[in-house]
Amino acid sequence: MMLGREVKKIIFFAVLAMTLTMPMVSMAQSSLDGRLVGTEKQGDARMLAMGGALRASNSNTSAVYLNPAAMGMAHVYHLNVKYQYTGLDKLHNGGLAIVDSITHHILSAGVSLDYLRAAREDSDFKSLDIRLAGAVNIREVFFVGVTGRFLRVAHDVESGSVGPNRLPALPKNGDAMQASGLTLDVGLAAKLGDIVSIGLTASNISDTGSLYAPIELGGGIAALIKNIWLLELDLIADFTSYEKTEMALQLGTEFILKQQFSFRGGFDREFHFDVSSYSLGFGYATTRFAVDLGFKQDIEYIERFRIALGFRFFIG
């Protein structure tokens, strides 16, 4: 009888705990869904596989998106044709990026073009993102870069829709929420010896008033060991997407085997949404081209995942 009463107590308190926590779970799901379609950071498969942590190291075409100064940290001339898909949002992203740090020994240049489209039952989203980047290296030690960005977004969410900062997601224009305009990123990077490097990026410093181009400050520190093992830690402060400044932490690693095979992994923590994700990736390179695969998965919400595929062509 005593055992039966204890079992009943355990069942009662378990049901009570589930009842009390159900609203919190619902709020968490609602908060996650408040992260509007298309607000995830753009990039390539390598960036995705490394958790987005590439602000302080040679990032090839990722530099156009994360830190333009990093374009000058390695001598490359790459054309990256890419495709990405985000589950839950049903978001398709096709695009290309080019980085040239070979033609001139001091100056580097990059350009990217991304078209995004999501057609869910409850909404339709499309976006055009064009970036033009330039960088200068000073004695192969210090690097300074600037990226100009044109963004055009259209989303048929209701006019009363707001983002996590409780402000309208986009201005109203006819039957759709639309925004378009120009903004600017500024980046710095430095090599501290043969192994350690650091990077800093101020993103969207000309405020667009849109959740799709928030004002951010991101910094990172990286270590490249024997030119085959890369480790990086990045911290990002978002000043405008939420009601107060929120932070994100990103970790990334890459191991290169026989100068052909790249194995990548990453971790991303978004403190506002209380959500973590892990990422994995693989790359295979020849003398003329490379293939990159990336996968990112939210730990708390299995339905939100992201896959990326990229083909890099080595022009020079």
# chains A, B, ... in the order shown; residues from 1 in each chain; ligands from 1
$ residues_around --residues "A:Asn227" --least-positions-apart "3" --cutoff "9 Å" --atoms "only C-alpha atoms" --output "NGL selection string"
:A and (195 or 224 or 230 or 256)
$ select_by_dssp --residues "stretch 81-294 of chain A" --states "strand (DSSP E or B)" --output "ChimeraX atom specification"
/A:81-86,91-100,107-119,124-138,142-155,162,168,172-173,176-192,196-203,216-225,229-238,246-257,261-270,275-285,289-294
$ residues_around --residues "A:Met47" --least-positions-apart "5" --cutoff "10 Å" --atoms "only C-alpha atoms" --output "compact mmCIF listing (two decimals) with N, CA and C atoms, in the first residue's frame"
# COMPACT_ATOMS: atom_id res chain seq x y z
N LYS A 41 22.02 34.00 -41.11
CA LYS A 41 23.15 34.60 -41.80
C LYS A 41 23.46 33.86 -43.10
N GLN A 42 23.76 34.64 -44.13
CA GLN A 42 24.14 34.06 -45.42
C GLN A 42 25.61 33.67 -45.41
N GLY A 52 29.66 29.03 -38.45
CA GLY A 52 29.72 30.46 -38.72
C GLY A 52 30.95 31.15 -38.17
N ALA A 53 31.86 30.39 -37.55
CA ALA A 53 33.03 30.98 -36.89
C ALA A 53 34.20 31.09 -37.86
N LEU A 54 34.20 32.17 -38.65
CA LEU A 54 35.29 32.37 -39.62
C LEU A 54 35.63 33.85 -39.77
N ARG A 55 35.49 34.62 -38.72
CA ARG A 55 35.76 36.05 -38.81
C ARG A 55 37.24 36.39 -38.63
N SER A 59 39.03 32.71 -44.86
CA SER A 59 37.71 32.12 -45.04
C SER A 59 37.28 32.06 -46.49
N ASN A 60 38.21 32.32 -47.42
CA ASN A 60 37.88 32.24 -48.84
C ASN A 60 36.64 33.07 -49.16
N THR A 61 35.64 32.47 -49.80
CA THR A 61 34.45 33.24 -50.19
C THR A 61 33.57 33.61 -49.00
N SER A 62 33.72 32.95 -47.86
CA SER A 62 32.95 33.32 -46.68
C SER A 62 33.27 34.72 -46.20
N ALA A 63 34.45 35.21 -46.55
CA ALA A 63 34.87 36.54 -46.09
C ALA A 63 33.93 37.63 -46.57
N TYR A 65 30.84 37.58 -46.62
CA TYR A 65 29.69 37.61 -45.72
C TYR A 65 30.06 37.93 -44.28
N LEU A 66 31.24 37.48 -43.83
CA LEU A 66 31.58 37.55 -42.41
C LEU A 66 32.56 38.66 -42.06
N GLY A 252 34.21 26.79 -34.26
CA GLY A 252 34.40 26.06 -35.50
C GLY A 252 35.78 25.42 -35.57
N ARG A 264 35.10 19.13 -41.08
CA ARG A 264 34.71 20.34 -40.37
C ARG A 264 33.62 20.08 -39.34
N GLY A 265 33.60 20.91 -38.32
CA GLY A 265 32.57 20.82 -37.29
C GLY A 265 32.38 22.17 -36.64
N GLY A 266 31.22 22.36 -36.02
CA GLY A 266 30.96 23.64 -35.38
C GLY A 266 29.85 23.57 -34.36
N SER A 279 27.04 21.58 -36.12
CA SER A 279 27.20 21.52 -37.57
C SER A 279 28.36 20.59 -37.93
N GLY A 281 30.64 19.06 -41.62
CA GLY A 281 30.87 19.28 -43.04
C GLY A 281 32.08 18.53 -43.56
N GLY A 294 27.84 20.97 -46.15
CA GLY A 294 27.65 21.42 -44.79
C GLY A 294 26.27 21.06 -44.29
N ALA A 308 23.89 22.57 -47.00
CA ALA A 308 24.55 23.45 -47.96
C ALA A 308 25.47 22.64 -48.86
$ closest_residue --among "A:His75, A:Arg149, A:Lys126, A:Arg269" --to "A:Thr39" --atoms "only C-alpha atoms"
A:Lys126
$ select_by_dssp --residues "stretch 48-240 of chain A" --states "helix (DSSP H, G or I)" --output "list in words"
Leu48, Ala49, Asn60, Thr61, Ser62, Ala63, Val64, Tyr65, Leu66, Pro68, Ala69, Ala70, Met71, Gly72 and Met73 of chain A
$ residues_around --residues "A:Gln84" --least-positions-apart "2" --cutoff "6 Å" --atoms "only C-alpha atoms" --output "ChimeraX atom specification"
/A:92-93,307-308
$ closest_residue --among "A:Asp292, A:Glu254, A:Asp207, A:Asp185" --to "A:Val144" --atoms "only C-alpha atoms"
A:Asp185
$ closest_residue --among "A:Ile102, A:Gly38, A:Ala190, A:Leu48" --to "A:Leu280" --atoms "only C-alpha atoms"
A:Leu48
$ residues_around --residues "A:Leu249" --least-positions-apart "3" --cutoff "6 Å" --atoms "only C-alpha atoms" --output "list in words"
Asp234, Leu235, Asp268 and Arg269 of chain A
$ write_last_selection --atoms "N, CA and C atoms" --output "tab-separated table (two decimals), in the first residue's frame"
chain	number	residue	atom	x	y	z
A	234	ASP	N	34.21	32.65	-32.02
A	234	ASP	CA	33.65	33.96	-32.34
A	234	ASP	C	32.56	34.33	-31.34
A	235	LEU	N	32.45	35.62	-31.06
A	235	LEU	CA	31.35	36.18	-30.26
A	235	LEU	C	30.70	37.29	-31.06
A	268	ASP	N	26.99	26.45	-32.39
A	268	ASP	CA	26.43	27.81	-32.41
A	268	ASP	C	25.41	27.92	-31.28
A	269	ARG	N	25.54	28.96	-30.47
A	269	ARG	CA	24.61	29.19	-29.36
A	269	ARG	C	23.97	30.56	-29.51
$ atom_distance --atom1 "atom CA of A:Gly193" --atom2 "atom CA of A:Ala223"
10.1 Å
$ closest_atom_pairs --of "stretch 98-166 of chain A" --to "stretch 197-201 of chain A" --cutoff "10 Å" --atoms "only C-alpha atoms" --output "CSV"
residue,atom,partner,partner_atom,distance
A:Val141,CA,A:Ser197,CA,9.2
A:Phe142,CA,A:Ser197,CA,9.8
A:Phe143,CA,A:Gly199,CA,9.1
A:Val144,CA,A:Leu200,CA,9.8
A:Gly145,CA,A:Thr201,CA,9.1
A:Val146,CA,A:Thr201,CA,9.4
$ residues_around --residues "A:Gly95" --least-positions-apart "2" --cutoff "6 Å" --atoms "only C-alpha atoms" --output "list in words"
Lys82, Leu113 and Asp114 of chain A
$ write_last_selection --atoms "N, CA and C atoms" --output "compact mmCIF listing (two decimals), in the first residue's frame"
# COMPACT_ATOMS: atom_id res chain seq x y z
N LYS A 82 26.77 27.97 -55.15
CA LYS A 82 26.27 27.33 -53.94
C LYS A 82 24.75 27.22 -53.91
N LEU A 113 26.24 37.11 -54.84
CA LEU A 113 24.85 37.29 -55.25
C LEU A 113 24.05 36.13 -54.70
N ASP A 114 23.00 36.42 -53.92
CA ASP A 114 22.16 35.39 -53.33
C ASP A 114 20.69 35.69 -53.60
$ residues_around --residues "stretch 244-247 of chain A" --least-positions-apart "5" --cutoff "8 Å" --atoms "only C-alpha atoms" --output "list of chain:residue names"
A:Asn165, A:Leu235, A:Ile236, A:Ala237, A:Asp238, A:Phe239, A:Glu270, A:Phe271, A:His272
$ write_last_selection --atoms "C-alpha atoms" --output "PDB file, in the first residue's frame"
ATOM      1  CA  ASN A 165      12.286  43.281 -30.779  1.00  0.00           C
ATOM      2  CA  LEU A 235      31.351  36.179 -30.262  1.00  0.00           C
ATOM      3  CA  ILE A 236      28.636  38.312 -31.867  1.00  0.00           C
ATOM      4  CA  ALA A 237      26.596  41.128 -30.328  1.00  0.00           C
ATOM      5  CA  ASP A 238      23.289  41.976 -32.043  1.00  0.00           C
ATOM      6  CA  PHE A 239      22.119  45.489 -31.142  1.00  0.00           C
ATOM      7  CA  GLU A 270      21.889  31.857 -29.732  1.00  0.00           C
ATOM      8  CA  PHE A 271      21.284  33.185 -26.227  1.00  0.00           C
ATOM      9  CA  HIS A 272      18.090  35.113 -27.019  1.00  0.00           C
TER      10      HIS A 272
END
$ closest_residue --among "A:Val111, A:Ile205, A:Met71, A:Val81" --to "A:Glu140" --atoms "only C-alpha atoms"
A:Met71
$ decode --residues "stretch 37-64 of chain A" --atoms "C-alpha atoms" --output "PDB file, in the first residue's frame"
ATOM      1  CA  VAL A  37      12.262  33.417 -42.476  1.00  0.00           C
ATOM      2  CA  GLY A  38      15.464  34.612 -44.127  1.00  0.00           C
ATOM      3  CA  THR A  39      17.056  36.219 -41.072  1.00  0.00           C
ATOM      4  CA  GLU A  40      19.683  33.482 -40.757  1.00  0.00           C
ATOM      5  CA  LYS A  41      23.153  34.601 -41.795  1.00  0.00           C
ATOM      6  CA  GLN A  42      24.135  34.056 -45.417  1.00  0.00           C
ATOM      7  CA  GLY A  43      27.323  32.256 -46.344  1.00  0.00           C
ATOM      8  CA  ASP A  44      28.745  29.156 -47.982  1.00  0.00           C
ATOM      9  CA  ALA A  45      28.968  25.465 -47.083  1.00  0.00           C
ATOM     10  CA  ARG A  46      32.310  25.839 -45.283  1.00  0.00           C
ATOM     11  CA  MET A  47      30.953  28.636 -43.106  1.00  0.00           C
ATOM     12  CA  LEU A  48      27.851  26.609 -42.250  1.00  0.00           C
ATOM     13  CA  ALA A  49      29.863  23.506 -41.383  1.00  0.00           C
ATOM     14  CA  MET A  50      32.075  25.494 -38.999  1.00  0.00           C
ATOM     15  CA  GLY A  51      29.193  27.065 -37.089  1.00  0.00           C
ATOM     16  CA  GLY A  52      29.721  30.463 -38.719  1.00  0.00           C
ATOM     17  CA  ALA A  53      33.034  30.983 -36.889  1.00  0.00           C
ATOM     18  CA  LEU A  54      35.290  32.369 -39.623  1.00  0.00           C
ATOM     19  CA  ARG A  55      35.758  36.051 -38.809  1.00  0.00           C
ATOM     20  CA  ALA A  56      39.413  35.755 -37.787  1.00  0.00           C
ATOM     21  CA  SER A  57      40.873  33.341 -40.324  1.00  0.00           C
ATOM     22  CA  ASN A  58      41.311  32.748 -44.017  1.00  0.00           C
ATOM     23  CA  SER A  59      37.706  32.124 -45.037  1.00  0.00           C
ATOM     24  CA  ASN A  60      37.885  32.243 -48.840  1.00  0.00           C
ATOM     25  CA  THR A  61      34.452  33.239 -50.194  1.00  0.00           C
ATOM     26  CA  SER A  62      32.951  33.317 -46.677  1.00  0.00           C
ATOM     27  CA  ALA A  63      34.867  36.536 -46.093  1.00  0.00           C
ATOM     28  CA  VAL A  64      32.416  38.482 -48.254  1.00  0.00           C
TER      29      VAL A  64
END
